[in-house]
file my_file.pdb (PDB, C-alpha atoms and all ligand atoms)
ATOM      1  CA  MET G 456     -73.409   6.705 -51.823  1.00  0.00           C
ATOM      2  CA  LYS G 457     -71.480   4.172 -49.821  1.00  0.00           C
ATOM      3  CA  ILE G 458     -69.406   4.563 -46.674  1.00  0.00           C
ATOM      4  CA  GLY G 459     -66.394   2.388 -45.847  1.00  0.00           C
ATOM      5  CA  TYR G 460     -64.386   1.966 -42.660  1.00  0.00           C
ATOM      6  CA  GLY G 461     -60.913   0.505 -42.109  1.00  0.00           C
ATOM      7  CA  TRP G 462     -58.636  -0.027 -39.136  1.00  0.00           C
ATOM      8  CA  ASP G 463     -55.072  -1.292 -38.848  1.00  0.00           C
ATOM      9  CA  SER G 464     -52.166  -1.489 -36.415  1.00  0.00           C
ATOM     10  CA  HIS G 465     -48.483  -2.328 -36.685  1.00  0.00           C
ATOM     11  CA  GLU G 466     -45.726  -2.695 -34.117  1.00  0.00           C
ATOM     12  CA  PHE G 467     -42.650  -0.470 -34.182  1.00  0.00           C
ATOM     13  CA  LYS G 468     -39.380  -2.290 -34.828  1.00  0.00           C
ATOM     14  CA  ARG G 469     -35.833  -0.947 -34.912  1.00  0.00           C
ATOM     15  CA  GLY G 470     -33.750  -0.932 -38.062  1.00  0.00           C
ATOM     16  CA  ILE G 471     -36.512  -0.654 -40.666  1.00  0.00           C
ATOM     17  CA  PRO G 472     -37.743   2.456 -42.492  1.00  0.00           C
ATOM     18  CA  LEU G 473     -40.946   4.131 -41.271  1.00  0.00           C
ATOM     19  CA  LYS G 474     -43.520   4.542 -44.024  1.00  0.00           C
ATOM     20  CA  ILE G 475     -46.888   6.161 -43.331  1.00  0.00           C
ATOM     21  CA  GLY G 476     -49.318   7.233 -46.032  1.00  0.00           C
ATOM     22  CA  GLY G 477     -46.756   6.361 -48.696  1.00  0.00           C
ATOM     23  CA  VAL G 478     -44.225   8.805 -47.198  1.00  0.00           C
ATOM     24  CA  GLU G 479     -40.937   7.723 -45.645  1.00  0.00           C
ATOM     25  CA  ILE G 480     -40.487   9.546 -42.326  1.00  0.00           C
ATOM     26  CA  ALA G 481     -37.076   9.784 -40.628  1.00  0.00           C
ATOM     27  CA  HIS G 482     -37.376   7.857 -37.336  1.00  0.00           C
ATOM     28  CA  GLU G 483     -35.306   5.336 -35.386  1.00  0.00           C
ATOM     29  CA  LYS G 484     -38.013   2.677 -35.773  1.00  0.00           C
ATOM     30  CA  GLY G 485     -40.255   1.531 -38.585  1.00  0.00           C
ATOM     31  CA  LEU G 486     -43.452  -0.504 -38.654  1.00  0.00           C
ATOM     32  CA  GLY G 487     -43.053  -4.266 -38.869  1.00  0.00           C
ATOM     33  CA  GLY G 488     -45.351  -6.804 -40.459  1.00  0.00           C
ATOM     34  CA  HIS G 489     -45.724  -8.111 -43.953  1.00  0.00           C
ATOM     35  CA  SER G 490     -45.335  -5.566 -46.791  1.00  0.00           C
ATOM     36  CA  ASP G 491     -43.888  -2.162 -45.873  1.00  0.00           C
ATOM     37  CA  GLY G 492     -46.122  -1.899 -42.769  1.00  0.00           C
ATOM     38  CA  ASP G 493     -47.851   1.257 -43.998  1.00  0.00           C
ATOM     39  CA  VAL G 494     -50.601   1.370 -41.393  1.00  0.00           C
ATOM     40  CA  LEU G 495     -52.424   4.335 -42.957  1.00  0.00           C
ATOM     41  CA  LEU G 496     -52.537   2.953 -46.502  1.00  0.00           C
ATOM     42  CA  HIS G 497     -53.733  -0.384 -45.098  1.00  0.00           C
ATOM     43  CA  ALA G 498     -56.607   1.283 -43.195  1.00  0.00           C
ATOM     44  CA  ILE G 499     -57.614   3.309 -46.289  1.00  0.00           C
ATOM     45  CA  THR G 500     -57.387   0.171 -48.461  1.00  0.00           C
ATOM     46  CA  ASP G 501     -59.666  -1.737 -46.082  1.00  0.00           C
ATOM     47  CA  ALA G 502     -62.115   1.198 -45.958  1.00  0.00           C
ATOM     48  CA  LEU G 503     -62.348   1.193 -49.782  1.00  0.00           C
ATOM     49  CA  LEU G 504     -62.760  -2.586 -49.915  1.00  0.00           C
ATOM     50  CA  GLY G 505     -65.340  -2.499 -47.124  1.00  0.00           C
ATOM     51  CA  ALA G 506     -67.405   0.170 -48.879  1.00  0.00           C
ATOM     52  CA  ILE G 507     -67.988  -2.127 -51.860  1.00  0.00           C
ATOM     53  CA  ALA G 508     -68.255  -5.268 -49.685  1.00  0.00           C
ATOM     54  CA  ALA G 509     -65.097  -6.736 -51.263  1.00  0.00           C
ATOM     55  CA  PRO G 510     -62.817  -9.182 -49.407  1.00  0.00           C
ATOM     56  CA  ASP G 511     -60.523  -7.386 -46.916  1.00  0.00           C
ATOM     57  CA  ILE G 512     -56.827  -6.617 -47.377  1.00  0.00           C
ATOM     58  CA  GLY G 513     -55.671  -9.690 -45.423  1.00  0.00           C
ATOM     59  CA  THR G 514     -57.787 -11.942 -47.653  1.00  0.00           C
ATOM     60  CA  LEU G 515     -56.638 -10.369 -50.937  1.00  0.00           C
ATOM     61  CA  PHE G 516     -53.000 -10.017 -49.886  1.00  0.00           C
ATOM     62  CA  SER G 517     -52.342 -12.787 -47.361  1.00  0.00           C
ATOM     63  CA  PRO G 518     -49.519 -12.055 -44.884  1.00  0.00           C
ATOM     64  CA  SER G 519     -48.357 -15.653 -45.417  1.00  0.00           C
ATOM     65  CA  ASP G 520     -47.918 -15.068 -49.181  1.00  0.00           C
ATOM     66  CA  PRO G 521     -44.199 -14.433 -49.894  1.00  0.00           C
ATOM     67  CA  ARG G 522     -45.199 -12.213 -52.851  1.00  0.00           C
ATOM     68  CA  TRP G 523     -46.236  -9.464 -50.416  1.00  0.00           C
ATOM     69  CA  GLU G 524     -43.134  -9.545 -48.217  1.00  0.00           C
ATOM     70  CA  GLY G 525     -41.770  -5.995 -48.175  1.00  0.00           C
ATOM     71  CA  ALA G 526     -44.369  -5.001 -50.810  1.00  0.00           C
ATOM     72  CA  ASP G 527     -45.165  -1.350 -51.462  1.00  0.00           C
ATOM     73  CA  SER G 528     -48.621  -0.851 -49.901  1.00  0.00           C
ATOM     74  CA  ALA G 529     -49.502   1.432 -52.820  1.00  0.00           C
ATOM     75  CA  VAL G 530     -50.026  -1.852 -54.718  1.00  0.00           C
ATOM     76  CA  PHE G 531     -52.788  -2.881 -52.248  1.00  0.00           C
ATOM     77  CA  LEU G 532     -54.369   0.564 -52.422  1.00  0.00           C
ATOM     78  CA  GLY G 533     -54.238   0.430 -56.235  1.00  0.00           C
ATOM     79  CA  GLU G 534     -56.114  -2.869 -56.285  1.00  0.00           C
ATOM     80  CA  ALA G 535     -58.801  -1.507 -53.921  1.00  0.00           C
ATOM     81  CA  LEU G 536     -59.215   1.572 -56.152  1.00  0.00           C
ATOM     82  CA  ARG G 537     -59.457  -0.658 -59.232  1.00  0.00           C
ATOM     83  CA  ARG G 538     -62.252  -2.640 -57.557  1.00  0.00           C
ATOM     84  CA  VAL G 539     -64.061   0.551 -56.514  1.00  0.00           C
ATOM     85  CA  ALA G 540     -63.956   1.837 -60.116  1.00  0.00           C
ATOM     86  CA  ALA G 541     -65.057  -1.567 -61.463  1.00  0.00           C
ATOM     87  CA  ALA G 542     -68.050  -1.434 -59.104  1.00  0.00           C
ATOM     88  CA  GLY G 543     -68.978   1.926 -60.662  1.00  0.00           C
ATOM     89  CA  TYR G 544     -67.953   4.238 -57.818  1.00  0.00           C
ATOM     90  CA  LYS G 545     -65.595   7.170 -57.280  1.00  0.00           C
ATOM     91  CA  VAL G 546     -64.062   8.283 -53.983  1.00  0.00           C
ATOM     92  CA  LEU G 547     -65.529  11.561 -52.702  1.00  0.00           C
ATOM     93  CA  ASN G 548     -63.445  11.946 -49.565  1.00  0.00           C
ATOM     94  CA  ILE G 549     -61.206  10.134 -47.115  1.00  0.00           C
ATOM     95  CA  ASP G 550     -60.813  10.882 -43.419  1.00  0.00           C
ATOM     96  CA  SER G 551     -58.293   9.250 -41.125  1.00  0.00           C
ATOM     97  CA  THR G 552     -56.884   9.310 -37.625  1.00  0.00           C
ATOM     98  CA  LEU G 553     -53.448   7.987 -36.695  1.00  0.00           C
ATOM     99  CA  ILE G 554     -52.757   7.018 -33.083  1.00  0.00           C
ATOM    100  CA  LEU G 555     -49.069   6.835 -32.198  1.00  0.00           C
ATOM    101  CA  SER G 556     -46.764   8.252 -29.545  1.00  0.00           C
ATOM    102  CA  THR G 557     -43.838   9.117 -31.848  1.00  0.00           C
ATOM    103  CA  PRO G 558     -42.934  10.586 -34.260  1.00  0.00           C
ATOM    104  CA  LYS G 559     -45.161  13.654 -34.330  1.00  0.00           C
ATOM    105  CA  ILE G 560     -47.306  13.534 -37.474  1.00  0.00           C
ATOM    106  CA  GLY G 561     -48.248  17.239 -37.540  1.00  0.00           C
ATOM    107  CA  PRO G 562     -45.100  18.382 -39.406  1.00  0.00           C
ATOM    108  CA  HIS G 563     -45.658  15.613 -42.005  1.00  0.00           C
ATOM    109  CA  ALA G 564     -49.447  15.847 -42.349  1.00  0.00           C
ATOM    110  CA  ASN G 565     -49.346  17.905 -45.569  1.00  0.00           C
ATOM    111  CA  ALA G 566     -46.821  15.536 -47.167  1.00  0.00           C
ATOM    112  CA  LEU G 567     -49.017  12.563 -46.204  1.00  0.00           C
ATOM    113  CA  ARG G 568     -52.114  14.288 -47.570  1.00  0.00           C
ATOM    114  CA  ASP G 569     -50.370  15.105 -50.873  1.00  0.00           C
ATOM    115  CA  ARG G 570     -49.075  11.546 -51.270  1.00  0.00           C
ATOM    116  CA  VAL G 571     -52.471   9.969 -50.494  1.00  0.00           C
ATOM    117  CA  SER G 572     -53.985  12.436 -52.988  1.00  0.00           C
ATOM    118  CA  GLN G 573     -51.489  11.311 -55.668  1.00  0.00           C
ATOM    119  CA  LEU G 574     -52.192   7.648 -54.980  1.00  0.00           C
ATOM    120  CA  THR G 575     -55.994   7.953 -54.911  1.00  0.00           C
ATOM    121  CA  ALA G 576     -56.677  10.886 -57.311  1.00  0.00           C
ATOM    122  CA  VAL G 577     -58.789  12.434 -54.513  1.00  0.00           C
ATOM    123  CA  PRO G 578     -58.112  16.207 -54.114  1.00  0.00           C
ATOM    124  CA  PRO G 579     -55.999  17.092 -51.041  1.00  0.00           C
ATOM    125  CA  ASP G 580     -58.839  19.190 -49.601  1.00  0.00           C
ATOM    126  CA  CYS G 581     -60.945  16.001 -49.487  1.00  0.00           C
ATOM    127  CA  ILE G 582     -58.393  14.034 -47.452  1.00  0.00           C
ATOM    128  CA  GLY G 583     -58.316  14.279 -43.660  1.00  0.00           C
ATOM    129  CA  ILE G 584     -55.084  13.345 -41.874  1.00  0.00           C
ATOM    130  CA  LYS G 585     -55.399  13.605 -38.098  1.00  0.00           C
ATOM    131  CA  ALA G 586     -53.082  12.292 -35.398  1.00  0.00           C
ATOM    132  CA  LYS G 587     -53.426  11.612 -31.683  1.00  0.00           C
ATOM    133  CA  THR G 588     -51.174  10.179 -29.000  1.00  0.00           C
ATOM    134  CA  PRO G 589     -52.345   6.962 -27.305  1.00  0.00           C
ATOM    135  CA  GLU G 590     -53.247   8.462 -23.910  1.00  0.00           C
ATOM    136  CA  GLY G 591     -53.845   5.673 -21.424  1.00  0.00           C
ATOM    137  CA  MET G 592     -54.041   3.000 -24.086  1.00  0.00           C
ATOM    138  CA  GLY G 593     -50.674   1.337 -23.455  1.00  0.00           C
ATOM    139  CA  THR G 594     -49.956   1.113 -27.177  1.00  0.00           C
ATOM    140  CA  GLU G 595     -46.784   3.238 -27.162  1.00  0.00           C
ATOM    141  CA  ASN G 596     -44.908   0.757 -29.365  1.00  0.00           C
ATOM    142  CA  ALA G 597     -47.595   0.582 -32.030  1.00  0.00           C
ATOM    143  CA  ALA G 598     -49.066   2.769 -34.733  1.00  0.00           C
ATOM    144  CA  ILE G 599     -52.820   2.542 -35.233  1.00  0.00           C
ATOM    145  CA  ALA G 600     -54.826   4.003 -38.112  1.00  0.00           C
ATOM    146  CA  HIS G 601     -58.576   4.452 -38.591  1.00  0.00           C
ATOM    147  CA  ALA G 602     -59.972   5.537 -41.957  1.00  0.00           C
ATOM    148  CA  VAL G 603     -63.373   6.225 -43.477  1.00  0.00           C
ATOM    149  CA  VAL G 604     -64.191   6.802 -47.130  1.00  0.00           C
ATOM    150  CA  LEU G 605     -67.311   8.002 -48.939  1.00  0.00           C
ATOM    151  CA  LEU G 606     -68.025   6.687 -52.431  1.00  0.00           C
ATOM    152  CA  GLN G 607     -70.382   8.089 -55.039  1.00  0.00           C
ATOM    153  CA  LYS G 608     -71.897   6.091 -57.886  1.00  0.00           C
ATOM    154  CA  ILE G 609     -70.366   7.344 -61.152  1.00  0.00           C
ATOM    155  CA  SER G 610     -73.134   6.113 -63.432  1.00  0.00           C
ATOM    156  CA  THR G 611     -75.424   8.990 -64.519  1.00  0.00           C
ATOM    157  CA  THR G 612     -78.421   6.693 -64.258  1.00  0.00           C
ATOM    158  CA  ALA G 613     -77.803   6.140 -60.536  1.00  0.00           C
ATOM    159  CA  GLY G 614     -80.909   6.785 -58.486  1.00  0.00           C
ATOM    160  CA  ARG G 615     -83.219   7.038 -61.514  1.00  0.00           C
ATOM    161  CA  LYS G 616     -86.209   4.793 -61.820  1.00  0.00           C
ATOM    162  CA  PRO G 617     -86.017   2.295 -64.662  1.00  0.00           C
ATOM    163  CA  THR G 618     -87.642   3.785 -67.766  1.00  0.00           C
ATOM    164  CA  LYS G 619     -90.943   2.173 -68.690  1.00  0.00           C
ATOM    165  CA  LYS G 620     -91.520   0.914 -72.162  1.00  0.00           C
ATOM    166  CA  PRO G 621     -94.037   3.083 -74.049  1.00  0.00           C
ATOM    167  CA  ARG G 622     -97.441   1.444 -74.399  1.00  0.00           C
ATOM    168  CA  SER G 623     -98.114   0.116 -77.831  1.00  0.00           C
TER     169      SER G 623
HETATM  170 ZN    ZN R 701     -51.347  -3.440 -42.023  1.00  0.00          ZN
END

call {"tool": "encode", "arguments": {"input": "my_file.pdb", "output": "structure tokens", "more": "lines below"}}
Ligand SMILES: [Zn+2]
result
Amino acid sequence: MKIGYGWDSHEFKRGIPLKIGGVEIAHEKGLGGHSDGDVLLHAITDALLGAIAAPDIGTLFSPSDPRWEGADSAVFLGEALRRVAAAGYKVLNIDSTLILSTPKIGPHANALRDRVSQLTAVPPDCIGIKAKTPEGMGTENAAIAHAVVLLQKISTTAGRKPTKKPRS
């Protein structure tokens, strides 16, 4: 088993679509930054990469690389999942907390959970989507996401002692 942790933040900007967890949410502001600014998918991607000690999202997908300008963050998540599978692991569960003042995430939580489930092939009942407002933090114009993942070794030989050669 391996645990992974990821954190991300993006600033709200007017005139761009708001995308969280792969879902477009109607709001007067979206999240700026390179790619589509999907703070939740970025935190989950970093948690997956961290669990297998892979380079982080900013190293794999540099913000200064024009290829990732406006990119769908599902691409980053897909690469992290590919690396997790290549390392011989599957994702058991994902938990996350969003911290933002608006919009309210509660009404969208099920849609976010279903979309993250589609993107990761993790069942919806193994995906936690929680949201809080930034009380006293002074981050009203930002969205912050924390995520943790738990990975299980797929290989059936995991945890077994190496078999000894029979004595001749
Ligand atoms: Zn990000």

call {"tool": "resolve_selection", "arguments": {"input": "my_file.pdb", "expression": "the PyMOL selection byres (((chain G and resi 507-521) around 12) and not hetatm)", "output": "PyMOL selection string"}}
result
chain G and resi 456-463+487-492+494+496-506+522-528+530-546+604-608

call {"tool": "closest_residue", "arguments": {"input": "my_file.pdb", "among": "G:Val603, G:Ala598, G:Leu555, G:Ile549", "to": "ligand ZN 701 (chain R)", "atoms": "only C-alpha atoms and all ligand atoms"}}
result
G:Ala598

call {"tool": "resolve_selection", "arguments": {"input": "my_file.pdb", "expression": "the PyMOL selection byres (((chain G and resi 474) around 8) and not hetatm)", "output": "PyMOL selection string"}}
result
chain G and resi 472-473+475-480+485-486+491-493

call {"tool": "closest_residue", "arguments": {"input": "my_file.pdb", "among": "G:Ser610, G:Ser556, G:Ile599, G:Lys585", "to": "ligand ZN 701 (chain R)", "atoms": "all atoms listed in the file"}}
result
G:Ile599

call {"tool": "atom_distance", "arguments": {"input": "my_file.pdb", "atom1": "CA of Pro579 (chain G)", "atom2": "CA of Pro558 (chain G)"}}
result
22.2 Å

call {"tool": "resolve_selection", "arguments": {"input": "my_file.pdb", "expression": "the PyMOL selection byres (((chain G and resi 468) around 9) and not hetatm)", "output": "list in words"}}
result
Glu466, Phe467, Arg469, Gly470, Ile471, Glu483, Lys484, Gly485, Leu486, Gly487 and Asn596 of chain G

call {"tool": "closest_residue", "arguments": {"input": "my_file.pdb", "among": "G:Ala529, G:His482, G:Thr594, G:Ile560", "to": "ligand ZN 701 (chain R)", "atoms": "all atoms listed in the file"}}
result
G:Ala529

call {"tool": "axis_aligned_box", "arguments": {"input": "my_file.pdb", "around": "region 473-491 of chain G", "padding_each_side": "6 Å", "output": "AutoDock Vina command-line options"}}
result
--center_x -42.3 --center_y 0.8 --center_z -42.0 --size_x 26.0 --size_y 29.9 --size_z 25.3

call {"tool": "atom_distance", "arguments": {"input": "my_file.pdb", "atom1": "CA of Leu547 (chain G)", "atom2": "CA of Ala600 (chain G)"}}
result
19.6 Å

call {"tool": "closest_residue", "arguments": {"input": "my_file.pdb", "among": "G:His563, G:His601, G:Arg570, G:His465", "to": "ligand ZN 701 (chain R)", "atoms": "all atoms listed in the file"}}
result
G:His465

call {"tool": "build_atoms", "arguments": {"input": "my_file.pdb", "residues": "region 503-522 of chain G", "atoms": "N, CA and C atoms", "output": "CSV table (one decimal), keeping the file's coordinate frame"}}
result
chain,number,residue,atom,x,y,z
G,503,LEU,N,-61.9,1.2,-48.4
G,503,LEU,CA,-62.3,1.2,-49.8
G,503,LEU,C,-63.0,-0.2,-50.1
G,504,LEU,N,-62.3,-1.2,-49.7
G,504,LEU,CA,-62.8,-2.6,-49.9
G,504,LEU,C,-64.1,-2.8,-49.2
G,505,GLY,N,-64.1,-2.3,-47.9
G,505,GLY,CA,-65.3,-2.5,-47.1
G,505,GLY,C,-66.5,-1.8,-47.7
G,506,ALA,N,-66.3,-0.6,-48.3
G,506,ALA,CA,-67.4,0.2,-48.9
G,506,ALA,C,-68.1,-0.6,-50.0
G,507,ILE,N,-67.4,-1.4,-50.8
G,507,ILE,CA,-68.0,-2.1,-51.9
G,507,ILE,C,-68.2,-3.6,-51.5
G,508,ALA,N,-68.1,-3.9,-50.2
G,508,ALA,CA,-68.3,-5.3,-49.7
G,508,ALA,C,-67.3,-6.3,-50.4
G,509,ALA,N,-66.1,-5.8,-50.7
G,509,ALA,CA,-65.1,-6.7,-51.3
G,509,ALA,C,-64.4,-7.4,-50.1
G,510,PRO,N,-63.6,-8.5,-50.5
G,510,PRO,CA,-62.8,-9.2,-49.4
G,510,PRO,C,-61.8,-8.2,-48.8
G,511,ASP,N,-61.4,-8.4,-47.6
G,511,ASP,CA,-60.5,-7.4,-46.9
G,511,ASP,C,-59.1,-7.6,-47.4
G,512,ILE,N,-58.2,-6.7,-46.9
G,512,ILE,CA,-56.8,-6.6,-47.4
G,512,ILE,C,-56.1,-7.9,-47.0
G,513,GLY,N,-56.4,-8.5,-45.8
G,513,GLY,CA,-55.7,-9.7,-45.4
G,513,GLY,C,-56.1,-10.9,-46.2
G,514,THR,N,-57.3,-10.9,-46.8
G,514,THR,CA,-57.8,-11.9,-47.7
G,514,THR,C,-57.2,-11.8,-49.1
G,515,LEU,N,-57.2,-10.6,-49.6
G,515,LEU,CA,-56.6,-10.4,-50.9
G,515,LEU,C,-55.1,-10.5,-51.0
G,516,PHE,N,-54.5,-10.0,-49.9
G,516,PHE,CA,-53.0,-10.0,-49.9
G,516,PHE,C,-52.5,-10.7,-48.6
G,517,SER,N,-52.6,-12.0,-48.6
G,517,SER,CA,-52.3,-12.8,-47.4
G,517,SER,C,-50.9,-12.5,-46.8
G,518,PRO,N,-50.8,-12.3,-45.5
G,518,PRO,CA,-49.5,-12.1,-44.9
G,518,PRO,C,-48.6,-13.3,-45.0
G,519,SER,N,-49.2,-14.5,-45.3
G,519,SER,CA,-48.4,-15.7,-45.4
G,519,SER,C,-47.9,-15.8,-46.9
G,520,ASP,N,-48.3,-15.0,-47.8
G,520,ASP,CA,-47.9,-15.1,-49.2
G,520,ASP,C,-46.6,-14.3,-49.4
G,521,PRO,N,-45.5,-15.1,-49.8
G,521,PRO,CA,-44.2,-14.4,-49.9
G,521,PRO,C,-44.2,-13.3,-50.9
G,522,ARG,N,-45.2,-13.3,-51.8
G,522,ARG,CA,-45.2,-12.2,-52.9
G,522,ARG,C,-45.3,-10.8,-52.2
